[in-house]
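Dropping data-v1.pdb in here (PDB, C-alpha atoms and all ligand atoms):
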```
ATOM      1  CA  MET X   1      22.702-184.585 -44.332  1.00  0.00           C
ATOM      2  CA  GLY X   2      23.313-181.478 -46.382  1.00  0.00           C
ATOM      3  CA  LEU X   3      25.349-178.761 -44.758  1.00  0.00           C
ATOM      4  CA  TYR X   4      24.219-175.214 -45.446  1.00  0.00           C
ATOM      5  CA  SER X   5      27.085-172.868 -46.232  1.00  0.00           C
ATOM      6  CA  GLU X   6      27.321-169.339 -47.580  1.00  0.00           C
ATOM      7  CA  VAL X   7      30.096-167.809 -49.650  1.00  0.00           C
ATOM      8  CA  LEU X   8      32.192-165.423 -47.566  1.00  0.00           C
ATOM      9  CA  SER X   9      32.445-161.775 -48.538  1.00  0.00           C
ATOM     10  CA  GLU X  10      34.652-160.789 -51.444  1.00  0.00           C
ATOM     11  CA  ASP X  11      36.709-158.583 -49.131  1.00  0.00           C
ATOM     12  CA  ARG X  12      37.322-161.432 -46.698  1.00  0.00           C
ATOM     13  CA  ILE X  13      38.421-163.893 -49.380  1.00  0.00           C
ATOM     14  CA  LEU X  14      40.662-161.357 -51.128  1.00  0.00           C
ATOM     15  CA  LYS X  15      42.226-160.359 -47.799  1.00  0.00           C
ATOM     16  CA  ASP X  16      42.985-163.994 -46.979  1.00  0.00           C
ATOM     17  CA  ILE X  17      44.444-164.696 -50.407  1.00  0.00           C
ATOM     18  CA  GLY X  18      46.537-161.568 -50.049  1.00  0.00           C
ATOM     19  CA  ASP X  19      49.584-161.335 -52.289  1.00  0.00           C
ATOM     20  CA  ALA X  20      49.573-165.023 -53.311  1.00  0.00           C
ATOM     21  CA  ARG X  21      50.491-165.246 -57.002  1.00  0.00           C
ATOM     22  CA  ASN X  22      49.387-168.819 -57.706  1.00  0.00           C
ATOM     23  CA  VAL X  23      45.988-169.761 -56.387  1.00  0.00           C
ATOM     24  CA  LEU X  24      44.404-173.206 -56.487  1.00  0.00           C
ATOM     25  CA  ILE X  25      40.645-173.360 -55.988  1.00  0.00           C
ATOM     26  CA  VAL X  26      39.420-176.677 -54.559  1.00  0.00           C
ATOM     27  CA  THR X  27      35.719-177.025 -55.344  1.00  0.00           C
ATOM     28  CA  CYS X  28      33.240-179.397 -53.753  1.00  0.00           C
ATOM     29  CA  PRO X  29      30.275-180.131 -56.057  1.00  0.00           C
ATOM     30  CA  GLY X  30      28.257-181.529 -53.133  1.00  0.00           C
ATOM     31  CA  CYS X  31      26.000-179.616 -50.779  1.00  0.00           C
ATOM     32  CA  ALA X  32      28.020-176.450 -51.402  1.00  0.00           C
ATOM     33  CA  CYS X  33      26.193-176.399 -54.739  1.00  0.00           C
ATOM     34  CA  GLU X  34      22.697-176.640 -53.236  1.00  0.00           C
ATOM     35  CA  SER X  35      23.650-174.027 -50.620  1.00  0.00           C
ATOM     36  CA  ILE X  36      24.618-171.501 -53.284  1.00  0.00           C
ATOM     37  CA  ALA X  37      21.478-172.246 -55.308  1.00  0.00           C
ATOM     38  CA  TYR X  38      19.318-171.789 -52.201  1.00  0.00           C
ATOM     39  CA  ARG X  39      20.944-168.461 -51.386  1.00  0.00           C
ATOM     40  CA  ASN X  40      21.076-167.095 -54.950  1.00  0.00           C
ATOM     41  CA  GLY X  41      17.797-168.498 -56.233  1.00  0.00           C
ATOM     42  CA  GLY X  42      19.470-169.461 -59.504  1.00  0.00           C
ATOM     43  CA  PRO X  43      20.170-172.757 -61.292  1.00  0.00           C
ATOM     44  CA  CYS X  44      21.368-175.556 -59.043  1.00  0.00           C
ATOM     45  CA  ARG X  45      22.310-178.553 -61.200  1.00  0.00           C
ATOM     46  CA  THR X  46      22.292-179.359 -64.904  1.00  0.00           C
ATOM     47  CA  LEU X  47      19.562-181.969 -65.238  1.00  0.00           C
ATOM     48  CA  ALA X  48      21.052-183.549 -68.391  1.00  0.00           C
ATOM     49  CA  LYS X  49      24.031-184.656 -66.300  1.00  0.00           C
ATOM     50  CA  GLY X  50      21.790-186.802 -64.148  1.00  0.00           C
ATOM     51  CA  LYS X  51      23.369-187.960 -60.914  1.00  0.00           C
ATOM     52  CA  ASP X  52      26.917-187.098 -62.028  1.00  0.00           C
ATOM     53  CA  MET X  53      27.710-184.764 -59.173  1.00  0.00           C
ATOM     54  CA  ASP X  54      30.967-183.393 -60.584  1.00  0.00           C
ATOM     55  CA  SER X  55      29.634-182.297 -63.942  1.00  0.00           C
ATOM     56  CA  SER X  56      26.147-181.210 -62.890  1.00  0.00           C
ATOM     57  CA  ALA X  57      27.137-178.684 -60.220  1.00  0.00           C
ATOM     58  CA  ALA X  58      26.151-175.521 -62.098  1.00  0.00           C
ATOM     59  CA  ALA X  59      25.713-173.232 -59.081  1.00  0.00           C
ATOM     60  CA  VAL X  60      29.083-173.872 -57.469  1.00  0.00           C
ATOM     61  CA  GLU X  61      30.852-173.899 -60.838  1.00  0.00           C
ATOM     62  CA  ALA X  62      29.438-170.447 -61.583  1.00  0.00           C
ATOM     63  CA  VAL X  63      30.899-169.091 -58.340  1.00  0.00           C
ATOM     64  CA  ARG X  64      34.216-170.818 -59.015  1.00  0.00           C
ATOM     65  CA  ASP X  65      34.354-169.295 -62.515  1.00  0.00           C
ATOM     66  CA  GLU X  66      33.536-165.825 -61.156  1.00  0.00           C
ATOM     67  CA  TRP X  67      36.421-166.138 -58.719  1.00  0.00           C
ATOM     68  CA  ASP X  68      38.720-167.501 -61.389  1.00  0.00           C
ATOM     69  CA  ALA X  69      38.012-164.411 -63.517  1.00  0.00           C
ATOM     70  CA  ARG X  70      38.284-162.039 -60.544  1.00  0.00           C
ATOM     71  CA  LEU X  71      41.642-163.385 -59.425  1.00  0.00           C
ATOM     72  CA  THR X  72      42.973-163.622 -62.977  1.00  0.00           C
ATOM     73  CA  ALA X  73      42.057-159.955 -63.488  1.00  0.00           C
ATOM     74  CA  LEU X  74      44.199-159.190 -60.440  1.00  0.00           C
ATOM     75  CA  GLY X  75      47.182-160.788 -62.170  1.00  0.00           C
ATOM     76  CA  LYS X  76      47.109-164.084 -60.301  1.00  0.00           C
ATOM     77  CA  THR X  77      47.498-167.493 -61.898  1.00  0.00           C
ATOM     78  CA  VAL X  78      44.464-169.610 -61.053  1.00  0.00           C
ATOM     79  CA  SER X  79      43.983-173.348 -61.308  1.00  0.00           C
ATOM     80  CA  HIS X  80      41.265-175.573 -59.963  1.00  0.00           C
ATOM     81  CA  VAL X  81      40.483-179.086 -58.920  1.00  0.00           C
ATOM     82  CA  THR X  82      37.059-180.537 -58.156  1.00  0.00           C
ATOM     83  CA  VAL X  83      36.744-183.243 -55.526  1.00  0.00           C
ATOM     84  CA  SER X  84      33.442-184.796 -54.548  1.00  0.00           C
ATOM     85  CA  PHE X  85      33.065-185.011 -50.795  1.00  0.00           C
ATOM     86  CA  PRO X  86      36.320-183.503 -49.473  1.00  0.00           C
ATOM     87  CA  CYS X  87      34.734-184.258 -46.109  1.00  0.00           C
ATOM     88  CA  GLU X  88      35.522-187.958 -46.675  1.00  0.00           C
ATOM     89  CA  MET X  89      38.325-188.625 -49.135  1.00  0.00           C
ATOM     90  CA  PHE X  90      40.089-191.722 -50.427  1.00  0.00           C
ATOM     91  CA  GLU X  91      43.820-191.659 -51.059  1.00  0.00           C
ATOM     92  CA  ASN X  92      43.440-190.909 -54.780  1.00  0.00           C
ATOM     93  CA  GLU X  93      41.258-187.907 -53.972  1.00  0.00           C
ATOM     94  CA  ARG X  94      43.728-186.609 -51.392  1.00  0.00           C
ATOM     95  CA  ARG X  95      46.492-187.070 -53.956  1.00  0.00           C
ATOM     96  CA  SER X  96      44.578-185.095 -56.586  1.00  0.00           C
ATOM     97  CA  ILE X  97      44.584-182.134 -54.203  1.00  0.00           C
ATOM     98  CA  THR X  98      48.202-182.416 -53.085  1.00  0.00           C
ATOM     99  CA  GLU X  99      49.380-182.713 -56.688  1.00  0.00           C
ATOM    100  CA  ALA X 100      47.255-179.782 -57.832  1.00  0.00           C
ATOM    101  CA  ALA X 101      48.561-177.717 -54.903  1.00  0.00           C
ATOM    102  CA  GLU X 102      52.191-178.057 -55.934  1.00  0.00           C
ATOM    103  CA  GLY X 103      53.437-174.567 -56.699  1.00  0.00           C
ATOM    104  CA  ALA X 104      50.369-172.860 -55.250  1.00  0.00           C
ATOM    105  CA  ASP X 105      50.837-170.023 -52.761  1.00  0.00           C
ATOM    106  CA  ALA X 106      47.231-170.177 -51.641  1.00  0.00           C
ATOM    107  CA  VAL X 107      44.637-172.933 -51.753  1.00  0.00           C
ATOM    108  CA  ALA X 108      41.103-171.542 -51.610  1.00  0.00           C
ATOM    109  CA  VAL X 109      38.387-174.008 -50.638  1.00  0.00           C
ATOM    110  CA  LEU X 110      34.977-173.546 -52.231  1.00  0.00           C
ATOM    111  CA  GLY X 111      33.108-175.927 -49.988  1.00  0.00           C
ATOM    112  CA  CYS X 112      31.751-176.175 -46.492  1.00  0.00           C
ATOM    113  CA  SER X 113      33.760-175.754 -43.284  1.00  0.00           C
ATOM    114  CA  SER X 114      34.315-179.522 -43.252  1.00  0.00           C
ATOM    115  CA  ALA X 115      35.872-179.320 -46.718  1.00  0.00           C
ATOM    116  CA  PHE X 116      38.102-176.478 -45.541  1.00  0.00           C
ATOM    117  CA  LEU X 117      39.196-178.400 -42.471  1.00  0.00           C
ATOM    118  CA  ALA X 118      39.976-181.507 -44.536  1.00  0.00           C
ATOM    119  CA  VAL X 119      42.072-179.578 -47.067  1.00  0.00           C
ATOM    120  CA  HIS X 120      43.808-177.583 -44.347  1.00  0.00           C
ATOM    121  CA  ARG X 121      44.753-180.777 -42.481  1.00  0.00           C
ATOM    122  CA  LEU X 122      45.877-182.442 -45.685  1.00  0.00           C
ATOM    123  CA  LEU X 123      48.208-179.653 -46.771  1.00  0.00           C
ATOM    124  CA  LYS X 124      49.503-178.123 -43.566  1.00  0.00           C
ATOM    125  CA  ASP X 125      52.518-180.412 -43.225  1.00  0.00           C
ATOM    126  CA  ILE X 126      53.388-180.983 -46.865  1.00  0.00           C
ATOM    127  CA  ASN X 127      52.708-177.722 -48.640  1.00  0.00           C
ATOM    128  CA  HIS X 128      53.547-174.186 -47.639  1.00  0.00           C
ATOM    129  CA  ALA X 129      50.494-172.743 -49.340  1.00  0.00           C
ATOM    130  CA  LYS X 130      48.051-171.071 -47.033  1.00  0.00           C
ATOM    131  CA  THR X 131      44.543-172.488 -47.022  1.00  0.00           C
ATOM    132  CA  VAL X 132      41.735-170.009 -47.437  1.00  0.00           C
ATOM    133  CA  PRO X 133      38.055-170.693 -46.715  1.00  0.00           C
ATOM    134  CA  MET X 134      35.609-169.378 -49.313  1.00  0.00           C
ATOM    135  CA  MET X 135      32.459-170.509 -47.509  1.00  0.00           C
ATOM    136  CA  LYS X 136      31.202-170.673 -43.962  1.00  0.00           C
ATOM    137  CA  THR X 137      28.871-173.381 -42.716  1.00  0.00           C
ATOM    138  CA  LEU X 138      25.855-172.028 -40.888  1.00  0.00           C
ATOM    139  CA  GLY X 139      23.576-175.041 -40.516  1.00  0.00           C
ATOM    140  CA  PHE X 140      21.987-177.899 -42.390  1.00  0.00           C
ATOM    141  CA  PHE X 141      19.139-178.070 -44.827  1.00  0.00           C
ATOM    142  CA  ALA X 142      16.146-179.985 -46.108  1.00  0.00           C
ATOM    143  CA  LEU X 143      15.548-178.794 -49.657  1.00  0.00           C
ATOM    144  CA  ASN X 144      12.873-179.442 -52.215  1.00  0.00           C
ATOM    145  CA  LEU X 145      14.269-179.307 -55.725  1.00  0.00           C
ATOM    146  CA  ILE X 146      12.177-178.610 -58.821  1.00  0.00           C
ATOM    147  CA  GLU X 147      12.891-178.095 -62.513  1.00  0.00           C
ATOM    148  CA  ASP X 148      13.341-174.540 -63.716  1.00  0.00           C
ATOM    149  CA  GLU X 149      11.068-173.127 -66.412  1.00  0.00           C
ATOM    150  CA  SER X 150      13.331-174.271 -69.227  1.00  0.00           C
ATOM    151  CA  GLY X 151      13.631-177.785 -67.832  1.00  0.00           C
ATOM    152  CA  THR X 152      17.423-177.640 -68.072  1.00  0.00           C
ATOM    153  CA  HIS X 153      18.350-177.068 -64.434  1.00  0.00           C
ATOM    154  CA  SER X 154      17.080-177.863 -60.999  1.00  0.00           C
ATOM    155  CA  VAL X 155      16.312-174.964 -58.688  1.00  0.00           C
ATOM    156  CA  VAL X 156      15.524-174.877 -54.994  1.00  0.00           C
ATOM    157  CA  ASP X 157      11.838-174.498 -54.174  1.00  0.00           C
ATOM    158  CA  ARG X 158      12.462-172.111 -51.296  1.00  0.00           C
ATOM    159  CA  GLU X 159       8.862-172.037 -50.186  1.00  0.00           C
ATOM    160  CA  HIS X 160       9.007-175.732 -49.380  1.00  0.00           C
ATOM    161  CA  SER X 161      12.608-175.885 -48.172  1.00  0.00           C
ATOM    162  CA  GLU X 162      14.165-175.073 -44.856  1.00  0.00           C
ATOM    163  CA  VAL X 163      17.572-174.253 -43.420  1.00  0.00           C
ATOM    164  CA  PHE X 164      18.220-175.083 -39.783  1.00  0.00           C
ATOM    165  CA  TYR X 165      20.874-172.744 -38.390  1.00  0.00           C
ATOM    166  CA  PHE X 166      23.515-173.805 -35.871  1.00  0.00           C
ATOM    167  CA  LYS X 167      23.830-171.798 -32.701  1.00  0.00           C
ATOM    168  CA  VAL X 168      27.624-172.168 -32.566  1.00  0.00           C
ATOM    169  CA  LYS X 169      29.148-168.689 -32.523  1.00  0.00           C
ATOM    170  CA  LYS X 170      32.729-169.542 -33.361  1.00  0.00           C
ATOM    171  CA  CYS X 171      34.704-172.604 -34.393  1.00  0.00           C
ATOM    172  CA  VAL X 172      38.506-172.356 -34.507  1.00  0.00           C
ATOM    173  CA  VAL X 173      40.442-174.711 -36.774  1.00  0.00           C
ATOM    174  CA  GLY X 174      43.512-176.021 -34.941  1.00  0.00           C
ATOM    175  CA  LYS X 175      47.017-175.379 -36.244  1.00  0.00           C
TER     176      LYS X 175
HETATM  177  S1  LIG F 201      32.641-181.393 -48.188  1.00  0.00           S
HETATM  178 FE1  LIG F 201      30.947-180.262 -47.255  1.00  0.00          FE
HETATM  179  S2  LIG F 201      29.867-179.313 -49.009  1.00  0.00           S
HETATM  180 FE2  LIG F 201      31.107-181.022 -49.789  1.00  0.00          FE
HETATM  181  S3  LIG F 201      29.764-182.845 -49.744  1.00  0.00           S
HETATM  182 FE3  LIG F 201      30.969-182.856 -47.827  1.00  0.00          FE
HETATM  183  S4  LIG F 201      29.587-181.835 -46.362  1.00  0.00           S
HETATM  184 FE4  LIG F 201      28.835-181.275 -48.418  1.00  0.00          FE
END
```
Give the structure from this file in structure tokens form.
Amino acid sequence: MGLYSEVLSEDRILKDIGDARNVLIVTCPGCACESIAYRNGGPCRTLAKGKDMDSSAAAVEAVRDEWDARLTALGKTVSHVTVSFPCEMFENERRSITEAAEGADAVAVLGCSSAFLAVHRLLKDINHAKTVPMMKTLGFFALNLIEDESGTHSVVDREHSEVFYFKVKKCVVGK
């Protein structure tokens, strides 16, 4: 199932990051990528990369790079790590996040609410960095993907796709 998530407002993310000097962005190249492409109407994945999820995730990488530039312009030091499926990680994937988070004051999660919860749970007892959600999950989707005009990227065929929205009003992540 693909979870449908939207990027939170710039104000909200900046407020949560606050005065953190070193920011790690954890990016999920999974359904966060299709969600952004659905919302923005732009390129989804680089077709030449085939089924390589990490390197094909053009839509989510574009958002990550925008945030990298935005935070860098604010004088922050930004690093990133990409983990496929933070919602279900092996030990080596958990370790890649904990190692990347060393020295970070804030860990921003560019993925669904499940990705945020997983990273928050992973770091809360071993790292003093605050975890910051960058997306909010609103439902799940059934998407039809097509090639763009240039044939280089997939795009979401919105006319033949659908997002099914949850009715949950609020979900609080435990401490
Ligand atoms: S962490 Fe969330 S966005 Fe990433 S693959 Fe899992 S369900 Fe999809």
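You will find CA of His153 in chain X at 20.6 Å from CA of Glu6 in chain X.
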Answer key for the PyMOL selection byres (((chain X and resi 122) around 12) and not hetatm), residues as a JSON list (two decimals) with C-alpha atoms, keeping the file's coordinate frame:
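For reference, out_5.json as written:
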```json
[["chain", "number", "residue", "atom", "x", "y", "z"],
["X", 86, "PRO", "CA", 36.32, -183.50, -49.47],
["X", 87, "CYS", "CA", 34.73, -184.26, -46.11],
["X", 88, "GLU", "CA", 35.52, -187.96, -46.68],
["X", 89, "MET", "CA", 38.33, -188.62, -49.14],
["X", 90, "PHE", "CA", 40.09, -191.72, -50.43],
["X", 91, "GLU", "CA", 43.82, -191.66, -51.06],
["X", 93, "GLU", "CA", 41.26, -187.91, -53.97],
["X", 94, "ARG", "CA", 43.73, -186.61, -51.39],
["X", 95, "ARG", "CA", 46.49, -187.07, -53.96],
["X", 96, "SER", "CA", 44.58, -185.10, -56.59],
["X", 97, "ILE", "CA", 44.58, -182.13, -54.20],
["X", 98, "THR", "CA", 48.20, -182.42, -53.08],
["X", 99, "GLU", "CA", 49.38, -182.71, -56.69],
["X", 101, "ALA", "CA", 48.56, -177.72, -54.90],
["X", 107, "VAL", "CA", 44.64, -172.93, -51.75],
["X", 115, "ALA", "CA", 35.87, -179.32, -46.72],
["X", 116, "PHE", "CA", 38.10, -176.48, -45.54],
["X", 117, "LEU", "CA", 39.20, -178.40, -42.47],
["X", 118, "ALA", "CA", 39.98, -181.51, -44.54],
["X", 119, "VAL", "CA", 42.07, -179.58, -47.07],
["X", 120, "HIS", "CA", 43.81, -177.58, -44.35],
["X", 121, "ARG", "CA", 44.75, -180.78, -42.48],
["X", 123, "LEU", "CA", 48.21, -179.65, -46.77],
["X", 124, "LYS", "CA", 49.50, -178.12, -43.57],
["X", 125, "ASP", "CA", 52.52, -180.41, -43.22],
["X", 126, "ILE", "CA", 53.39, -180.98, -46.86],
["X", 127, "ASN", "CA", 52.71, -177.72, -48.64],
["X", 128, "HIS", "CA", 53.55, -174.19, -47.64],
["X", 129, "ALA", "CA", 50.49, -172.74, -49.34],
["X", 130, "LYS", "CA", 48.05, -171.07, -47.03],
["X", 131, "THR", "CA", 44.54, -172.49, -47.02],
["X", 175, "LYS", "CA", 47.02, -175.38, -36.24]]
```
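Residues lying within 8 Å of Val83 in chain X, counting only C-alpha atoms and ignoring same-chain neighbours fewer than 3 positions away, are Val26, Thr27, Cys28, Pro29, Asp54, Pro86 and Glu93 of chain X.
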Check what the PyMOL selection byres (((chain X and resi 8-20) around 6) and not hetatm) selects in the file above and give those residues as a PDB file with C-alpha atoms, in the coordinates of the input.
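This went into part34.pdb:
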```pdb
ATOM      1  CA  VAL X   7      30.096-167.809 -49.650  1.00  0.00           C
ATOM      2  CA  ARG X  21      50.491-165.246 -57.002  1.00  0.00           C
ATOM      3  CA  ASN X  22      49.387-168.819 -57.706  1.00  0.00           C
ATOM      4  CA  ASP X 105      50.837-170.023 -52.761  1.00  0.00           C
ATOM      5  CA  ALA X 106      47.231-170.177 -51.641  1.00  0.00           C
ATOM      6  CA  MET X 134      35.609-169.378 -49.313  1.00  0.00           C
ATOM      7  CA  MET X 135      32.459-170.509 -47.509  1.00  0.00           C
TER       8      MET X 135
END
```
Atom pair CA of Ala142 in chain X + CA of Arg158 in chain X, distance 10.1 Å
Residue IDs satisfying the PyMOL selection byres (((chain X and resi 55-68) around 8) and not hetatm), as a PDB file with C-alpha atoms, in the frame of the given file:
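Contents of the output file part28.pdb:
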```
ATOM      1  CA  ILE X  25      40.645-173.360 -55.988  1.00  0.00           C
ATOM      2  CA  THR X  27      35.719-177.025 -55.344  1.00  0.00           C
ATOM      3  CA  CYS X  28      33.240-179.397 -53.753  1.00  0.00           C
ATOM      4  CA  PRO X  29      30.275-180.131 -56.057  1.00  0.00           C
ATOM      5  CA  GLY X  30      28.257-181.529 -53.133  1.00  0.00           C
ATOM      6  CA  ALA X  32      28.020-176.450 -51.402  1.00  0.00           C
ATOM      7  CA  CYS X  33      26.193-176.399 -54.739  1.00  0.00           C
ATOM      8  CA  GLU X  34      22.697-176.640 -53.236  1.00  0.00           C
ATOM      9  CA  ILE X  36      24.618-171.501 -53.284  1.00  0.00           C
ATOM     10  CA  ALA X  37      21.478-172.246 -55.308  1.00  0.00           C
ATOM     11  CA  GLY X  42      19.470-169.461 -59.504  1.00  0.00           C
ATOM     12  CA  PRO X  43      20.170-172.757 -61.292  1.00  0.00           C
ATOM     13  CA  CYS X  44      21.368-175.556 -59.043  1.00  0.00           C
ATOM     14  CA  ARG X  45      22.310-178.553 -61.200  1.00  0.00           C
ATOM     15  CA  THR X  46      22.292-179.359 -64.904  1.00  0.00           C
ATOM     16  CA  LEU X  47      19.562-181.969 -65.238  1.00  0.00           C
ATOM     17  CA  ALA X  48      21.052-183.549 -68.391  1.00  0.00           C
ATOM     18  CA  LYS X  49      24.031-184.656 -66.300  1.00  0.00           C
ATOM     19  CA  GLY X  50      21.790-186.802 -64.148  1.00  0.00           C
ATOM     20  CA  LYS X  51      23.369-187.960 -60.914  1.00  0.00           C
ATOM     21  CA  ASP X  52      26.917-187.098 -62.028  1.00  0.00           C
ATOM     22  CA  MET X  53      27.710-184.764 -59.173  1.00  0.00           C
ATOM     23  CA  ASP X  54      30.967-183.393 -60.584  1.00  0.00           C
ATOM     24  CA  ALA X  69      38.012-164.411 -63.517  1.00  0.00           C
ATOM     25  CA  ARG X  70      38.284-162.039 -60.544  1.00  0.00           C
ATOM     26  CA  LEU X  71      41.642-163.385 -59.425  1.00  0.00           C
ATOM     27  CA  THR X  72      42.973-163.622 -62.977  1.00  0.00           C
ATOM     28  CA  VAL X  78      44.464-169.610 -61.053  1.00  0.00           C
ATOM     29  CA  SER X  79      43.983-173.348 -61.308  1.00  0.00           C
ATOM     30  CA  LEU X 110      34.977-173.546 -52.231  1.00  0.00           C
TER      31      LEU X 110
END
```
Size and centre in Å, one decimal, axis-aligned box, all listed ligand LIG 201 (chain F) atoms plus 5 Å per side, as JSON:
```
{"center_x": 30.7, "center_y": -181.1, "center_z": -48.1, "size_x": 13.8, "size_y": 13.5, "size_z": 13.4}
```
Export N, CA, C and O atoms of range 57-73 of chain X from the structure just given, as a tab-separated table (two decimals), in the first residue's frame?
```tsv
chain	number	residue	atom	x	y	z
X	57	ALA	N	14.44	8.42	-7.28
X	57	ALA	CA	13.39	9.18	-6.59
X	57	ALA	C	13.51	10.68	-6.82
X	57	ALA	O	13.81	11.47	-5.91
X	58	ALA	N	13.26	11.11	-8.05
X	58	ALA	CA	13.49	12.50	-8.45
X	58	ALA	C	12.63	13.49	-7.65
X	58	ALA	O	13.12	14.54	-7.23
X	59	ALA	N	11.38	13.16	-7.43
X	59	ALA	CA	10.47	14.13	-6.78
X	59	ALA	C	10.89	14.41	-5.34
X	59	ALA	O	10.96	15.58	-4.92
X	60	VAL	N	11.19	13.37	-4.59
X	60	VAL	CA	11.53	13.60	-3.18
X	60	VAL	C	12.95	14.17	-3.07
X	60	VAL	O	13.23	14.99	-2.18
X	61	GLU	N	13.82	13.81	-4.00
X	61	GLU	CA	15.17	14.39	-3.98
X	61	GLU	C	15.12	15.89	-4.26
X	61	GLU	O	15.90	16.66	-3.69
X	62	ALA	N	14.21	16.30	-5.14
X	62	ALA	CA	14.10	17.74	-5.44
X	62	ALA	C	13.68	18.51	-4.20
X	62	ALA	O	14.22	19.59	-3.91
X	63	VAL	N	12.74	17.96	-3.43
X	63	VAL	CA	12.31	18.63	-2.20
X	63	VAL	C	13.45	18.64	-1.18
X	63	VAL	O	13.71	19.66	-0.53
X	64	ARG	N	14.13	17.50	-1.07
X	64	ARG	CA	15.27	17.45	-0.14
X	64	ARG	C	16.31	18.51	-0.51
X	64	ARG	O	16.82	19.22	0.36
X	65	ASP	N	16.62	18.64	-1.80
X	65	ASP	CA	17.65	19.59	-2.23
X	65	ASP	C	17.19	21.03	-2.00
X	65	ASP	O	18.00	21.90	-1.67
X	66	GLU	N	15.89	21.29	-2.18
X	66	GLU	CA	15.37	22.64	-1.88
X	66	GLU	C	15.58	22.96	-0.42
X	66	GLU	O	15.98	24.07	-0.06
X	67	TRP	N	15.30	21.98	0.44
X	67	TRP	CA	15.44	22.21	1.88
X	67	TRP	C	16.90	22.30	2.29
X	67	TRP	O	17.26	23.08	3.18
X	68	ASP	N	17.74	21.54	1.64
X	68	ASP	CA	19.18	21.63	1.90
X	68	ASP	C	19.63	23.07	1.63
X	68	ASP	O	20.30	23.70	2.46
X	69	ALA	N	19.25	23.60	0.45
X	69	ALA	CA	19.66	24.96	0.09
X	69	ALA	C	19.05	26.00	1.03
X	69	ALA	O	19.72	26.96	1.43
X	70	ARG	N	17.79	25.80	1.39
X	70	ARG	CA	17.10	26.76	2.27
X	70	ARG	C	17.78	26.82	3.64
X	70	ARG	O	18.03	27.90	4.18
X	71	LEU	N	18.07	25.67	4.19
X	71	LEU	CA	18.67	25.63	5.52
X	71	LEU	C	20.13	26.09	5.48
X	71	LEU	O	20.60	26.78	6.39
X	72	THR	N	20.83	25.74	4.41
X	72	THR	CA	22.21	26.20	4.26
X	72	THR	C	22.26	27.72	4.18
X	72	THR	O	23.13	28.37	4.77
X	73	ALA	N	21.29	28.30	3.46
X	73	ALA	CA	21.23	29.77	3.35
X	73	ALA	C	20.97	30.43	4.69
X	73	ALA	O	21.31	31.60	4.89
```
